[in-house]
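Worksheet for the structure shown next.
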Amino acid sequence: MSNKLSDASSPYLQQHANNPVDWHPWGEEAFNKAREENKPVFLSIGYATCHWCHVMAHESFEDPEIAQLLNEAFINIKVDREERPDIDSMYMTVCQMITGQGGWPLNIVMTPEKEPFYAATYIPKDTLHNRIGLRQLVPGIRGMWKNEPEKIEKAFQKIKEGFERSQQFEPGQFPGTETLDYAAEQFAQQFDAEHGGFGSSPKFPSPHNLMFLLRQWKATGDQRFLDMTCETLEAMRLGGIWDHIGYGFHRYSTDREWLLPHFEKMLYDQALLMVAYTEAWQATGTPLFKQTVYEITEYVSRELLHTNGGFYSAEDADSEGEEGRYYVWKNKEIEAVLSREEAARFKDLFGCTDAGNFKEEASGQQTGKNIPHLSSALSETDAGWFNDIRQQLFEARSQRVRPLLDDKILTDWNALMIAAFAKAGFVFKEEQFIKYAESAFEFIQAELVQDKQLMHRYRDGHASINAMGDDYAFLTWALIELYAATSNPQYLEQALSWNQTFIDAFWDDSSAGFFLSIQDEDQIFGRQKQIYDGAIPSSNSVAMVNLLRLSRLTGDTALEEYSLEIGKFFSTELIRSGSSITYALETVQFLENNPREISIVGSQPDIEECLNLYRSVFTPFSVFHAIHPANNAKLEDLASYTIAQTPLKNELTLYSCTNFSCEKPVTGLEAVKKVLVK
């Protein structure tokens, strides 16, 4: 018997459609039912590729006895956190206040008025390791709801007060270089010199932190920051967090060594890591970094690409009920695919043993299964050999039962992928990468814009859910990168347009900063503002960088003022916790390093030769226009200062301005190339 989720568009909700738990989707129908029956609401939030969400579902939500307990005590609601990041963010804040930690599954008990009074992440079926089980928890809450309502009211009021404090920020001065130095030194202290990355375990990719460190190296010349970045990128690429057979990065590493991952593959990780590896290649020219970008592209275009150009969200960690089953190998499975000599060489290179290196996370027991990984980069000879035999292993693995594909298409995550493809396409001069980016943007325009309203989610031919802050901020970022990659002013025009819509709908006129969501009845504590970066940067962090870049590209200083106002509003957080908000700190790095606004004006062949030089060098503290007869008229409408920028002496001319002061124009191809990347 199905519950109320059978018609849901979310793959996560559909996973629970046949549970004996009488799940409802989020909506007033469920809350009205809770009021009518005088029951609290049990809210469970997760996502389709979440391993521990699967564990809790199999243990408890598929168990008839536990389902009966839940159905008798509660009105039960399921939410896909990726579809409703606004709901997830609000109740995750509650969970972190109550328990000191967060994660998914996220479970909240609340009143029919959406007032939370209990929160937890994974809850076992029965009490285990001092973690209360549902069998014990549910009767306790049911009894409290019936007999001790004053305790529930007191708990909610305490949560409400704490939540309100979490949204009380201390404005101050816009941060300076001391904030950058403090954040960078925090990373230096946390750096794992043996295995790369920061801290012990678990280890997350957090590519925006690596982007920050690259800029800090560029600004200071301190080799430590470049070394930390490159060692981390290399360690991830060699470790088990990278899928050596099918490519793409898994979500994060559960251990210090980057060996044992949680195996889900998320679109946003591929996108942000592609940006980090691209920038690291610009800084160092390391071939492995470029190779990684191309291999991420192969994975994304093969497994996550919709036929009309958008990108799917993720692939699950589990298949056939086991995490990682699709990706791990017993030695006899390797030997069944490769010749005896090939199998021996592969096992030696990729650390595969009869005992196996894949241990059960809970018990630590060896399984006889292996996660292929490398202890050092392959030699040129070994790399050539592996390229020849990898396809055999890939084809054999493809015969296994694949993990679930979460095939919903999200505007914000697609925008990150667009930005990554546009940037990599420009840097590596790869037209196909840029085509992927342009096709995905065309998909958003065609499928995720309704009556000029941007939508958040698309699946099975239908778009739904009004866009949120991340959608607007990330889409603006994507369009800025598309303009940089193509010099097509239509992308700059679109960036300005969506950015203005974002300001109009989400900017807080009473103080500063962008709200996460449009005002609605779901935000019982009021609209949230986010500045801390998680797996992806926050909308305010990205907006700060967007506004600054758009201001310098167009000459509209009002846009830069918005960026500065965000920095002042979140000043205390940036100064105290900058290492948790590194994408926003890119704004400080830009402003503190004599940023240049560059225009190259002339014929397309001369401009292209200059761009070949510009794309090969890491130049994070500049914006540029490539102005030629095909785009100059439109560009003059968007950036009026370019009207005066014409070729002098009928030659290629470079105009460069720094700190609101313009240098003398430089003419001639060779002269321009000398000063272009100074």
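In the structure tokens, each chain is lettered A, B, ... as it comes, each chain's residues begin at 1, and ligands are numbered from 1 in order of appearance.
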
At most 12 Å is the cut-off: for each residue in region 221-300 of chain A with any atom that close to an atom of region 401-406 of chain A, write down the nearest atom pair and the distance in Å rounded to one decimal, counting only C-alpha atoms, chain first then increasing number, as a Markdown table.
```
| residue | atom | partner | partner_atom | distance |
| --- | --- | --- | --- | --- |
| A:Phe263 | CA | A:Pro403 | CA | 9.8 |
| A:Glu264 | CA | A:Pro403 | CA | 8.7 |
| A:Lys265 | CA | A:Leu405 | CA | 9.7 |
| A:Met266 | CA | A:Asp406 | CA | 9.5 |
| A:Leu267 | CA | A:Asp406 | CA | 10.2 |
```

Region 93-135 of chain A: which residues are strand (DSSP E) by DSSP, as number ranges by chain?
-> A: 106-110, 116-120

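Counting only C-alpha atoms, the residue from A:Glu65, A:Glu597, A:Asp471, A:Asp192 that sits nearest to Thr658 (chain A) is A:Glu597.
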
Of A:Ala396, A:Met56, A:Ala276, A:Val677, the one sitting nearest Pro205 (chain A) when using only C-alpha atoms is A:Ala276

Of the candidates A:Gln168, A:Asn331, A:Ser616, A:Thr486, which shows the shortest atom-to-atom distance to Phe428 (chain A), using only C-alpha atoms?
->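 Residue with the minimum atom-to-atom distance to Phe428 (chain A): A:Ser616.
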
Mind listing the helix (DSSP H, G or I) residues of region 155-228 of chain A, per DSSP on the backbone, as a PyMOL selection string?
-> chain A and resi 155-166+177-190+207-220+223-228

Since we have the selection now, will you write its residues out, keeping N, CA and C atoms, as a CSV table (one decimal), in the first residue's frame?
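Result written to part_10.csv:
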```csv
chain,number,residue,atom,x,y,z
A,155,ALA,N,10.4,24.1,25.5
A,155,ALA,CA,11.5,23.7,24.6
A,155,ALA,C,11.5,24.5,23.3
A,156,PHE,N,10.3,24.8,22.7
A,156,PHE,CA,10.2,25.6,21.5
A,156,PHE,C,10.6,27.0,21.8
A,157,GLN,N,10.2,27.6,22.9
A,157,GLN,CA,10.6,29.0,23.1
A,157,GLN,C,12.1,29.1,23.2
A,158,LYS,N,12.8,28.1,23.9
A,158,LYS,CA,14.2,28.1,24.0
A,158,LYS,C,14.9,28.0,22.6
A,159,ILE,N,14.3,27.2,21.7
A,159,ILE,CA,14.8,27.0,20.3
A,159,ILE,C,14.6,28.3,19.6
A,160,LYS,N,13.5,28.9,19.7
A,160,LYS,CA,13.2,30.2,19.0
A,160,LYS,C,14.1,31.3,19.4
A,161,GLU,N,14.4,31.4,20.7
A,161,GLU,CA,15.4,32.4,21.1
A,161,GLU,C,16.8,32.1,20.6
A,162,GLY,N,17.2,30.9,20.6
A,162,GLY,CA,18.5,30.5,20.0
A,162,GLY,C,18.6,30.8,18.5
A,163,PHE,N,17.5,30.5,17.8
A,163,PHE,CA,17.5,30.7,16.4
A,163,PHE,C,17.6,32.2,16.1
A,164,GLU,N,16.8,33.0,16.8
A,164,GLU,CA,16.9,34.4,16.6
A,164,GLU,C,18.3,35.0,16.8
A,165,ARG,N,18.9,34.4,17.8
A,165,ARG,CA,20.3,34.9,18.1
A,165,ARG,C,21.2,34.5,16.9
A,166,SER,N,21.0,33.3,16.3
A,166,SER,CA,21.8,32.9,15.2
A,166,SER,C,21.7,33.8,14.0
A,177,THR,N,43.4,42.7,5.1
A,177,THR,CA,44.4,41.6,4.9
A,177,THR,C,44.6,40.8,6.1
A,178,GLU,N,44.4,41.4,7.3
A,178,GLU,CA,44.6,40.6,8.6
A,178,GLU,C,43.6,39.5,8.7
A,179,THR,N,42.5,39.7,8.1
A,179,THR,CA,41.5,38.6,8.1
A,179,THR,C,41.9,37.5,7.2
A,180,LEU,N,42.5,37.8,6.0
A,180,LEU,CA,43.0,36.8,5.1
A,180,LEU,C,44.2,36.1,5.7
A,181,ASP,N,45.1,36.8,6.4
A,181,ASP,CA,46.2,36.1,7.0
A,181,ASP,C,45.8,35.2,8.1
A,182,TYR,N,44.8,35.6,8.9
A,182,TYR,CA,44.3,34.7,10.0
A,182,TYR,C,43.7,33.4,9.4
A,183,ALA,N,42.8,33.6,8.4
A,183,ALA,CA,42.2,32.4,7.8
A,183,ALA,C,43.2,31.5,7.2
A,184,ALA,N,44.2,32.0,6.5
A,184,ALA,CA,45.2,31.2,5.8
A,184,ALA,C,46.1,30.5,6.8
A,185,GLU,N,46.4,31.1,7.9
A,185,GLU,CA,47.2,30.5,9.0
A,185,GLU,C,46.4,29.4,9.7
A,186,GLN,N,45.1,29.5,9.8
A,186,GLN,CA,44.3,28.4,10.3
A,186,GLN,C,44.4,27.2,9.4
A,187,PHE,N,44.4,27.4,8.1
A,187,PHE,CA,44.6,26.2,7.2
A,187,PHE,C,46.0,25.7,7.4
A,188,ALA,N,47.0,26.5,7.5
A,188,ALA,CA,48.3,26.0,7.7
A,188,ALA,C,48.5,25.2,8.9
A,189,GLN,N,47.8,25.5,10.0
A,189,GLN,CA,47.9,24.8,11.3
A,189,GLN,C,47.1,23.4,11.1
A,190,GLN,N,46.0,23.4,10.3
A,190,GLN,CA,45.2,22.2,10.2
A,190,GLN,C,45.7,21.3,9.1
A,207,PRO,N,36.5,22.5,-2.3
A,207,PRO,CA,37.4,23.1,-3.3
A,207,PRO,C,37.5,24.6,-3.1
A,208,HIS,N,36.4,25.3,-2.6
A,208,HIS,CA,36.5,26.7,-2.4
A,208,HIS,C,37.6,27.1,-1.5
A,209,ASN,N,37.9,26.3,-0.5
A,209,ASN,CA,39.0,26.6,0.4
A,209,ASN,C,40.4,26.5,-0.4
A,210,LEU,N,40.5,25.6,-1.3
A,210,LEU,CA,41.7,25.5,-2.1
A,210,LEU,C,41.8,26.7,-3.1
A,211,MET,N,40.7,27.2,-3.6
A,211,MET,CA,40.7,28.4,-4.4
A,211,MET,C,41.2,29.6,-3.6
A,212,PHE,N,40.7,29.7,-2.4
A,212,PHE,CA,41.2,30.7,-1.5
A,212,PHE,C,42.7,30.7,-1.3
A,213,LEU,N,43.2,29.5,-1.0
A,213,LEU,CA,44.6,29.3,-0.8
A,213,LEU,C,45.5,29.6,-2.0
A,214,LEU,N,45.0,29.3,-3.2
A,214,LEU,CA,45.7,29.6,-4.4
A,214,LEU,C,45.8,31.1,-4.5
A,215,ARG,N,44.7,31.9,-4.2
A,215,ARG,CA,44.8,33.3,-4.3
A,215,ARG,C,45.7,33.9,-3.2
A,216,GLN,N,45.7,33.3,-2.1
A,216,GLN,CA,46.6,33.7,-1.0
A,216,GLN,C,48.1,33.6,-1.4
A,217,TRP,N,48.4,32.5,-2.1
A,217,TRP,CA,49.7,32.3,-2.6
A,217,TRP,C,50.0,33.4,-3.7
A,218,LYS,N,49.1,33.6,-4.6
A,218,LYS,CA,49.3,34.6,-5.6
A,218,LYS,C,49.5,36.0,-5.0
A,219,ALA,N,48.8,36.3,-3.9
A,219,ALA,CA,48.9,37.6,-3.3
A,219,ALA,C,50.2,37.8,-2.5
A,220,THR,N,50.6,36.7,-1.8
A,220,THR,CA,51.7,36.9,-0.9
A,220,THR,C,53.0,36.3,-1.3
A,223,GLN,N,54.9,30.2,-0.6
A,223,GLN,CA,54.9,28.9,-1.2
A,223,GLN,C,54.1,27.9,-0.5
A,224,ARG,N,53.9,28.0,0.8
A,224,ARG,CA,53.2,27.1,1.6
A,224,ARG,C,51.8,26.9,1.1
A,225,PHE,N,51.2,28.0,0.7
A,225,PHE,CA,49.8,27.9,0.3
A,225,PHE,C,49.6,27.2,-1.0
A,226,LEU,N,50.5,27.4,-1.9
A,226,LEU,CA,50.5,26.7,-3.1
A,226,LEU,C,50.7,25.2,-2.9
A,227,ASP,N,51.7,24.9,-2.0
A,227,ASP,CA,52.0,23.5,-1.8
A,227,ASP,C,50.9,22.8,-1.1
A,228,MET,N,50.2,23.4,-0.1
A,228,MET,CA,49.1,22.8,0.5
A,228,MET,C,48.0,22.5,-0.5
```

Counting only C-alpha atoms, figure out which residue out of A:Ile371, A:Leu134, A:Ala314, A:Ala271 gets nearest to Lys423 (chain A).
-> A:Ala271

Near Met455 (chain A), counting only C-alpha atoms, which residues have an atom at most 12 Å away, once you skip same-chain residues fewer than 3 positions from it, shown as number ranges by chain?
-> A: 83-84, 409-412, 444-452, 458-459, 462-472, 475

Might you pull out every residue within 12 Å of region 605-612 of chain A, with only C-alpha atoms counted and same-chain residues fewer than 6 positions away left off, and present them as number ranges by chain?
-> A: 426-430, 484-487, 598-599, 624-629, 647, 651-654, 667-677

I want to know what sits within 12 Å of Ser2 (chain A), based on only C-alpha atoms, with residues of the same chain fewer than 3 positions away left out; could you give that as a PDB file with N, CA and C atoms, in the first residue's frame?
```pdb
ATOM      1  N   LEU A   5       3.144   9.781  -1.022  1.00  0.00           N
ATOM      2  CA  LEU A   5       4.313  10.213  -1.788  1.00  0.00           C
ATOM      3  C   LEU A   5       4.349   9.655  -3.202  1.00  0.00           C
ATOM      4  N   SER A   6       3.376   8.834  -3.578  1.00  0.00           N
ATOM      5  CA  SER A   6       3.462   8.134  -4.861  1.00  0.00           C
ATOM      6  C   SER A   6       3.452   9.087  -6.054  1.00  0.00           C
ATOM      7  N   ASP A   7       2.876  10.278  -5.902  1.00  0.00           N
ATOM      8  CA  ASP A   7       2.833  11.240  -7.005  1.00  0.00           C
ATOM      9  C   ASP A   7       3.922  12.295  -6.920  1.00  0.00           C
ATOM     10  N   ALA A   8       4.846  12.159  -5.962  1.00  0.00           N
ATOM     11  CA  ALA A   8       5.897  13.165  -5.793  1.00  0.00           C
ATOM     12  C   ALA A   8       6.889  13.108  -6.951  1.00  0.00           C
ATOM     13  N   LEU A  13      11.600  11.217  -2.335  1.00  0.00           N
ATOM     14  CA  LEU A  13      10.263  10.940  -1.829  1.00  0.00           C
ATOM     15  C   LEU A  13       9.709   9.656  -2.439  1.00  0.00           C
ATOM     16  N   GLN A  14       9.993   9.426  -3.696  1.00  0.00           N
ATOM     17  CA  GLN A  14       9.513   8.201  -4.338  1.00  0.00           C
ATOM     18  C   GLN A  14      10.138   6.955  -3.717  1.00  0.00           C
ATOM     19  N   GLN A  15      11.368   7.075  -3.217  1.00  0.00           N
ATOM     20  CA  GLN A  15      11.993   5.936  -2.527  1.00  0.00           C
ATOM     21  C   GLN A  15      11.178   5.497  -1.320  1.00  0.00           C
ATOM     22  N   HIS A  16      10.389   6.412  -0.755  1.00  0.00           N
ATOM     23  CA  HIS A  16       9.632   6.129   0.463  1.00  0.00           C
ATOM     24  C   HIS A  16       8.141   5.960   0.198  1.00  0.00           C
ATOM     25  N   ALA A  17       7.752   5.910  -1.076  1.00  0.00           N
ATOM     26  CA  ALA A  17       6.323   5.872  -1.415  1.00  0.00           C
ATOM     27  C   ALA A  17       5.644   4.578  -0.977  1.00  0.00           C
ATOM     28  N   ASN A  18       6.403   3.513  -0.840  1.00  0.00           N
ATOM     29  CA  ASN A  18       5.800   2.235  -0.449  1.00  0.00           C
ATOM     30  C   ASN A  18       6.122   1.839   0.993  1.00  0.00           C
ATOM     31  N   ASN A  19       6.664   2.786   1.764  1.00  0.00           N
ATOM     32  CA  ASN A  19       6.877   2.519   3.187  1.00  0.00           C
ATOM     33  C   ASN A  19       5.529   2.315   3.887  1.00  0.00           C
ATOM     34  N   PRO A  20       5.487   1.499   4.928  1.00  0.00           N
ATOM     35  CA  PRO A  20       4.276   1.435   5.754  1.00  0.00           C
ATOM     36  C   PRO A  20       4.047   2.705   6.575  1.00  0.00           C
ATOM     37  N   VAL A  21       5.058   3.550   6.688  1.00  0.00           N
ATOM     38  CA  VAL A  21       4.859   4.863   7.312  1.00  0.00           C
ATOM     39  C   VAL A  21       3.943   5.680   6.400  1.00  0.00           C
ATOM     40  N   ASP A  22       2.942   6.314   6.988  1.00  0.00           N
ATOM     41  CA  ASP A  22       1.985   7.104   6.207  1.00  0.00           C
ATOM     42  C   ASP A  22       2.568   8.500   5.954  1.00  0.00           C
ATOM     43  N   TRP A  23       3.549   8.544   5.049  1.00  0.00           N
ATOM     44  CA  TRP A  23       4.223   9.807   4.750  1.00  0.00           C
ATOM     45  C   TRP A  23       3.316  10.760   3.970  1.00  0.00           C
ATOM     46  N   HIS A  24       3.505  12.052   4.252  1.00  0.00           N
ATOM     47  CA  HIS A  24       2.895  13.126   3.482  1.00  0.00           C
ATOM     48  C   HIS A  24       4.011  13.997   2.902  1.00  0.00           C
ATOM     49  N   GLU A  62      10.779   0.929   6.891  1.00  0.00           N
ATOM     50  CA  GLU A  62      10.224  -0.237   6.211  1.00  0.00           C
ATOM     51  C   GLU A  62       9.740  -1.295   7.205  1.00  0.00           C
TER      52      GLU A  62
END
```

Selected residue of minimal separation from Gln432 (chain A) among A:Asp504, A:Thr254, A:Ser301, A:His129, counting only C-alpha atoms | A:Ser301

State, in Å with one decimal place, the distance from CA of Leu106 (chain A) to CA of Gly461 (chain A).
->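 Answer for the CA of Leu106 (chain A) to CA of Gly461 (chain A) separation: 29.1 Å.
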
Straight-line distance linking CA of Glu493 (chain A) with CA of Ile418 (chain A), stated in Å to one decimal | 16.5 Å

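Shortest atom-to-atom contact with Arg302 (chain A) among A:Glu257, A:Gly425, A:Tyr436, A:Ala317: A:Tyr436, counting only C-alpha atoms.
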